[in-house]
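The structure file run38.txt is reproduced below (compact mmCIF, C-alpha atoms).
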```
# COMPACT_ATOMS: atom_id res chain seq x y z
CA MET A 52 106.51 30.10 140.51
CA ALA A 53 108.44 32.26 138.02
CA THR A 54 107.61 31.77 134.37
CA ALA A 55 110.30 31.14 131.74
CA ARG A 56 109.90 34.77 130.68
CA GLU A 57 110.43 36.08 134.22
CA LEU A 58 113.39 33.79 134.88
CA ALA A 59 115.01 34.79 131.59
CA PHE A 60 114.56 38.46 132.46
CA LEU A 61 116.37 37.96 135.77
CA LEU A 62 119.14 35.89 134.17
CA ALA A 63 119.71 38.51 131.49
CA THR A 64 120.11 41.22 134.12
CA GLY A 65 122.41 39.23 136.40
CA GLN A 66 124.40 36.71 134.36
CA SER A 67 127.05 37.05 131.65
CA ASN A 68 126.78 36.05 128.02
CA ALA A 69 129.56 33.52 128.68
CA THR A 70 127.30 31.81 131.21
CA LEU A 71 124.50 31.72 128.66
CA SER A 72 126.77 30.15 126.03
CA SER A 73 128.00 27.54 128.51
CA LEU A 74 124.46 26.58 129.47
CA LEU A 75 123.45 26.34 125.83
CA ASP A 76 126.22 23.78 125.30
CA GLN A 77 125.14 21.84 128.39
CA LEU A 78 121.34 22.09 128.24
CA GLY A 79 120.41 23.41 124.80
CA HIS A 80 119.41 19.96 123.56
CA HIS A 81 116.99 19.40 126.45
CA PRO A 82 113.35 20.37 125.70
CA ASP A 83 112.70 21.33 129.33
CA PHE A 84 115.10 24.27 129.03
CA GLU A 85 114.06 25.44 125.57
CA ASN A 86 111.70 28.19 126.68
CA VAL A 87 113.90 29.84 129.27
CA LEU A 88 117.00 29.71 127.06
CA SER A 89 115.20 31.14 124.04
CA CYS A 90 113.75 33.97 126.14
CA TRP A 91 117.16 34.62 127.71
CA ILE A 92 118.77 34.92 124.27
CA GLN A 93 116.21 37.45 123.08
CA GLU A 94 116.42 39.40 126.34
CA VAL A 95 120.14 39.85 125.64
CA VAL A 96 119.58 40.64 121.95
CA VAL A 97 117.17 43.45 122.86
CA ARG A 98 119.87 44.80 125.16
CA GLY A 99 122.13 45.14 122.11
CA THR A 100 124.15 41.93 121.82
CA ASP A 101 124.62 40.53 118.29
CA PHE A 102 124.43 36.73 118.50
CA SER A 103 124.21 36.17 114.75
CA HIS A 104 127.77 34.77 114.60
CA GLU A 105 127.85 33.00 117.98
CA PRO A 106 128.10 29.21 117.23
CA SER A 107 126.32 27.93 120.35
CA VAL A 108 123.43 30.37 119.90
CA ARG A 109 123.13 29.67 116.18
CA ARG A 110 122.99 25.92 116.79
CA PHE A 111 120.31 26.34 119.42
CA TRP A 112 118.31 28.74 117.22
CA GLY A 113 118.42 26.18 114.42
CA GLN A 114 116.76 23.69 116.76
CA LEU A 115 114.04 26.23 117.51
CA LEU A 116 113.41 26.73 113.80
CA GLU A 117 113.05 22.98 113.30
CA SER A 118 110.59 22.73 116.20
CA HIS A 119 108.64 25.82 115.03
CA HIS A 120 109.15 27.62 118.33
CA PRO A 121 107.33 31.00 118.23
CA LEU A 122 110.49 32.99 119.04
CA ALA A 123 112.45 31.36 116.22
CA VAL A 124 111.16 33.97 113.73
CA LEU A 125 113.13 36.66 115.58
CA PRO A 126 116.68 37.35 114.36
CA LEU A 127 119.70 37.14 116.64
CA SER A 128 120.50 40.84 116.35
CA ILE A 129 118.37 43.96 116.47
CA GLU A 130 117.32 46.02 113.51
CA ARG A 131 118.63 49.59 113.40
CA ILE A 132 115.18 50.97 114.20
CA GLU A 133 114.99 48.78 117.33
CA ALA A 134 117.95 50.49 119.00
CA GLU A 135 115.75 52.37 121.51
CA LEU A 136 113.90 49.31 122.79
CA LYS A 137 116.50 48.66 125.49
CA ASP A 138 115.76 52.08 126.99
CA TRP A 139 112.36 50.81 128.14
CA LEU A 140 113.48 47.63 129.86
CA PRO A 141 112.87 47.48 133.62
CA GLN A 142 115.68 48.49 135.97
CA VAL A 143 116.24 45.83 138.64
CA ARG A 144 117.03 46.78 142.23
CA VAL A 145 116.92 45.03 145.59
CA GLY A 146 113.29 44.26 146.34
CA GLY A 147 111.86 44.85 142.89
CA SER A 148 112.14 46.63 139.55
CA SER A 149 110.80 49.72 137.83
CA CYS A 150 110.50 51.00 134.29
CA GLY A 151 109.56 54.12 132.38
CA MET A 152 106.66 54.33 129.97
CA PRO A 153 106.87 56.02 126.55
CA TYR A 154 103.10 56.58 126.58
CA GLY A 155 100.43 57.87 128.93
CA PRO A 156 98.01 60.79 129.17
CA SER A 157 99.49 63.90 127.60
CA ARG A 158 98.03 66.28 130.23
CA CYS A 159 98.20 68.91 127.49
CA LEU A 160 94.53 69.09 126.67
CA ASP A 161 93.92 72.52 125.23
CA ASN A 162 95.12 72.16 121.67
CA GLU A 163 94.45 73.71 118.32
CA PRO A 164 92.49 71.25 116.16
CA GLY A 165 94.74 71.83 113.15
CA SER A 166 93.64 72.46 109.61
CA PHE A 167 92.92 69.57 107.28
CA GLU A 168 91.02 68.84 104.11
CA GLN A 169 87.88 66.78 104.71
CA ILE A 170 88.21 63.31 103.23
CA VAL A 171 85.94 60.28 102.99
CA ALA A 172 87.17 57.43 105.20
CA THR A 173 85.94 53.88 104.62
CA GLU A 174 86.57 51.25 107.26
CA VAL A 175 88.31 48.10 106.06
CA PRO A 176 88.60 44.73 107.86
CA THR A 177 91.29 44.41 110.52
CA THR A 178 93.10 41.46 112.00
CA THR A 179 93.45 40.67 115.68
CA GLY A 180 97.21 41.02 115.28
CA ILE A 181 97.10 44.81 115.52
CA ALA A 182 96.36 44.60 119.24
CA SER A 183 98.96 41.89 119.97
CA VAL A 184 100.99 44.23 122.18
CA VAL A 185 98.08 44.94 124.52
CA VAL A 186 96.49 41.49 124.75
CA ASN A 187 98.21 41.16 128.13
CA TRP A 188 96.46 44.37 129.29
CA GLN A 189 93.12 42.79 128.45
CA GLU A 190 93.81 39.27 129.75
CA GLU A 191 95.77 40.09 132.90
CA SER A 192 94.59 43.58 133.89
CA ASN A 193 91.61 45.87 133.25
CA GLY A 194 92.59 47.05 129.79
CA ARG A 195 90.58 47.59 126.63
CA ALA A 196 91.69 48.22 123.08
CA GLU A 197 90.44 49.52 119.76
CA ALA A 198 92.04 48.43 116.48
CA ARG A 199 90.77 49.99 113.24
CA LYS A 200 91.78 50.45 109.62
CA PHE A 201 90.52 53.04 107.14
CA SER A 202 91.01 53.77 103.45
CA PHE A 203 90.63 57.30 102.09
CA ASP A 204 89.04 58.53 98.88
CA ARG A 205 92.22 60.46 98.07
CA PRO A 206 95.69 60.95 99.55
CA THR A 207 96.13 63.16 102.57
CA LYS A 208 99.30 65.00 103.48
CA PRO A 209 101.14 63.48 106.44
CA SER A 210 101.32 66.98 107.93
CA ALA A 211 97.50 67.16 107.83
CA VAL A 212 97.09 64.35 110.39
CA SER A 213 95.96 66.55 113.26
CA ALA A 214 93.52 66.50 116.15
CA GLY A 215 90.76 67.56 113.77
CA PHE A 216 91.71 64.84 111.29
CA MET A 217 91.63 62.11 113.95
CA LYS A 218 88.39 63.41 115.48
CA ALA A 219 86.74 63.17 112.06
CA LEU A 220 87.31 59.40 112.04
CA PRO A 221 84.60 57.25 113.69
CA LEU A 222 86.81 56.12 116.56
CA LEU A 223 85.23 54.88 119.78
CA CYS A 224 88.16 56.18 121.80
CA LEU A 225 87.45 59.76 120.65
CA GLU A 226 83.67 59.76 121.00
CA GLY A 227 82.12 62.63 122.91
CA VAL A 228 85.29 64.68 123.30
CA ALA A 229 85.96 68.15 121.94
CA VAL A 230 88.54 68.32 119.19
CA GLU A 231 90.57 70.73 121.33
CA GLN A 232 91.04 67.91 123.83
CA VAL A 233 92.62 65.51 121.34
CA VAL A 234 96.41 65.43 121.21
CA VAL A 235 98.16 64.15 118.07
CA ARG A 236 101.90 64.18 117.54
CA PRO A 237 104.07 62.84 114.68
CA VAL A 238 106.64 60.39 116.01
CA SER A 239 109.63 58.62 114.54
CA ILE A 240 109.43 54.93 113.69
CA GLU A 241 111.86 54.34 116.57
CA ARG A 242 109.48 56.02 119.01
CA ALA A 243 106.47 54.15 117.66
CA LEU A 244 108.29 50.84 118.13
CA SER A 245 109.26 51.84 121.68
CA ILE A 246 105.62 52.56 122.55
CA LEU A 247 104.42 49.23 121.18
CA PHE A 248 107.28 47.26 122.70
CA ALA A 249 106.88 48.78 126.17
CA ALA A 250 103.15 48.02 126.14
CA SER A 251 103.82 44.35 125.54
CA ALA A 252 107.05 43.84 127.45
CA ASN A 253 106.16 45.79 130.60
CA GLY A 254 102.39 45.27 130.78
CA GLY A 255 99.50 47.36 131.97
CA ALA A 256 98.31 48.55 135.35
CA TYR A 257 98.11 45.17 137.10
CA ASN A 258 100.66 42.92 135.40
CA HIS A 259 104.31 42.72 134.38
CA GLY A 260 103.83 42.08 130.67
CA ARG A 261 105.53 39.58 128.39
CA ARG A 262 109.11 40.76 129.08
CA ALA A 263 111.60 41.45 126.31
CA ALA A 264 111.56 38.26 124.23
CA TYR A 265 107.82 37.98 123.70
CA GLY A 266 107.54 41.75 123.87
CA ARG A 267 109.72 41.92 120.78
CA LEU A 268 107.70 39.18 119.08
CA GLU A 269 104.37 40.86 119.80
CA LEU A 270 105.78 44.24 118.77
CA TRP A 271 106.45 42.92 115.28
CA GLN A 272 103.16 41.04 115.14
CA SER A 273 101.38 44.35 115.79
CA VAL A 274 103.54 46.26 113.29
CA ALA A 275 103.01 43.60 110.62
CA SER A 276 99.24 43.88 111.05
CA LEU A 277 99.29 47.68 111.20
CA ILE A 278 101.07 47.90 107.83
CA GLY A 279 99.25 44.95 106.26
CA HIS A 280 102.05 42.38 106.02
CA ASP A 281 101.04 38.73 105.96
CA SER A 282 104.26 37.32 107.42
CA ILE A 283 106.55 38.25 110.28
CA GLU A 284 109.81 38.21 108.30
CA LEU A 285 111.34 40.92 110.42
CA GLU A 286 113.77 42.60 108.04
CA GLY A 287 111.07 43.03 105.39
CA ILE A 288 108.56 44.37 107.91
CA ALA A 289 111.13 46.78 109.38
CA ASN A 290 112.00 48.19 105.95
CA ALA A 291 108.34 48.59 105.02
CA ALA A 292 107.36 50.13 108.36
CA ALA A 293 110.04 52.79 108.00
CA ASP A 294 108.20 54.10 104.91
CA TRP A 295 104.99 54.74 106.86
CA SER A 296 104.24 57.94 108.78
CA TRP A 297 103.67 57.35 112.50
CA TYR A 298 101.72 59.33 115.10
CA SER A 299 100.90 59.06 118.79
CA PHE A 300 97.60 60.35 120.15
CA ASP A 301 95.35 60.42 123.18
CA ALA A 302 92.41 62.46 124.45
CA ALA A 303 90.49 63.53 127.52
CA SER A 304 87.65 61.28 126.45
CA ALA A 305 85.56 58.95 128.56
CA TRP A 306 87.19 56.01 126.76
CA PHE A 307 90.75 56.79 127.85
CA GLU A 308 91.29 56.28 131.57
CA GLN A 309 93.75 59.21 131.74
CA VAL A 310 95.71 57.67 134.62
CA ALA A 311 98.95 56.16 133.27
CA SER A 312 98.38 53.45 130.69
CA ASP A 313 96.92 55.35 127.72
CA LEU A 314 98.25 54.46 124.30
CA GLY A 315 97.37 55.66 120.83
CA ILE A 316 99.30 54.82 117.64
CA ALA A 317 98.29 55.74 114.09
CA ALA A 318 100.18 54.70 110.95
CA LEU A 319 99.63 56.42 107.59
CA SER A 320 100.53 54.41 104.48
CA PRO A 321 103.32 55.59 102.16
CA ASP A 322 100.77 56.61 99.50
CA ALA A 323 98.74 58.43 102.21
CA THR A 324 95.50 56.67 101.25
CA ALA A 325 95.13 54.37 104.30
CA MET A 326 95.55 54.53 108.05
CA SER A 327 95.79 51.87 110.75
CA ILE A 328 95.07 52.70 114.38
CA LEU A 329 95.62 51.08 117.76
CA ALA A 330 94.30 52.65 120.96
CA ALA A 331 94.47 51.08 124.41
CA THR A 332 93.90 52.10 128.00
CA ASP A 333 94.17 50.41 131.40
CA ILE A 334 93.54 51.23 135.03
CA ASP A 335 94.25 49.60 138.38
```
Would you mind writing the structure in this file as structure tokens?
Amino acid sequence: MATARELAFLLATGQSNATLSSLLDQLGHHPDFENVLSCWIQEVVVRGTDFSHEPSVRRFWGQLLESHHPLAVLPLSIERIEAELKDWLPQVRVGGSSCGMPYGPSRCLDNEPGSFEQIVATEVPTTTGIASVVVNWQEESNGRAEARKFSFDRPTKPSAVSAGFMKALPLLCLEGVAVEQVVVRPVSIERALSILFAASANGGAYNHGRRAAYGRLELWQSVASLIGHDSIELEGIANAAADWSWYSFDAASAWFEQVASDLGIAALSPDATAMSILAATDID
């Protein structure tokens, strides 16, 4: 039986916004339809529709806020830095669907380590929220994840975050690999969000993920934890996240499966004295 998330995904790809508004007027008050309608709305929002001034949607979203529905924290329009999320939604065709992945093994594993000044890194406590986007990899497939946070004894230049810099951190995912086989690239905040969103929305090797609505929610849960925000007030998190420096990485290590679902995200704080890291890998 299709879940509310799966049904909403199919409705968003095959039905009009007018149909959604009509059904909200007819069924929006009925608790049995709350989950599928809320997922449908966010599926359409991720695709670029601004529902913030649509009366039927606003009324329904007010009900979700009153009932403390998990999706109610999401706004009814996308933030500017979310504009690329729609590019990673599955394409539906007769007999199935397919999607691209903004992550995976780099296959470019003969790199210069990069120069960097040696710093002292101290691990600080993390929250489980960092790995929100890959919980489905672990629960529904064969995935594993590493979430870590470090503080530095002095600021480091964002340009100094290199293969050598990352290899100097005590990361399980980089154990036993030569520094030349670590790939680190600076990425835009838009690209970092796309990587995290696709991991949650589209899933790992054996599953189909959370789809767009909960993918968006888990994206911002991960980002909030990566940058140390206590709440998931999206506009505030988005503004703060844009001030961080973001990187993608992977390696030809024993930890990474090096098949398809390899993900590494590092975020350097605006004062360059702290870094948060999420690595994940999965295999069929």
Item to check | Selection: 7 Å around Trp112 in chain A, all atoms listed in the file, excl. self and same-chain fewer than 4 positions, as a PyMOL selection string | outcome: chain A and resi 108+116+123
Can you write just those residues out, C-alpha atoms, as a compact mmCIF listing (two decimals), keeping the file's coordinate frame?
```txt
# COMPACT_ATOMS: atom_id res chain seq x y z
CA VAL A 108 123.43 30.37 119.90
CA LEU A 116 113.41 26.73 113.80
CA ALA A 123 112.45 31.36 116.22
```
Next on the checklist: Given only C-alpha atoms as the basis, pick out the residue of A:Asn187, A:Gln77, A:Ser72, A:Gln93 nearest to Pro106 in chain A.
Outcome noted: A:Ser72
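Distances here use all atoms listed in the file; by that measure, the residue among A:Phe102, A:Trp91, A:Tyr257, A:Phe248 closest to Ala59 in chain A is A:Trp91.
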Checklist entry - Need the neighbours of (100.1, 59.7, 109.5): which residues are at most 8 Å away, counting only C-alpha atoms, as a ChimeraX atom specification? => result /A:209-210,212,237,295-298,317-320,323,326
Checklist entry - Of the residues A:Val95, A:Val274, A:Leu78, A:Ile170, which is the one nearest to Lys137 in chain A, using all atoms listed in the file? => result A:Val95
Checklist entry - Counting all atoms listed in the file, which of A:Ala264, A:Leu277, A:Ile316, A:Ile129 gets nearest to Arg236 in chain A? => result A:Ile316
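Between CA of Leu140 in chain A and CA of Glu269 in chain A the separation is 15.2 Å.
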Item to check | Exercise: Glu168 in chain A partners within 12 Å, only C-alpha atoms, chain neighbours under 4 positions left out, as a PyMOL selection string | outcome: chain A and resi 203-213+215-217+219
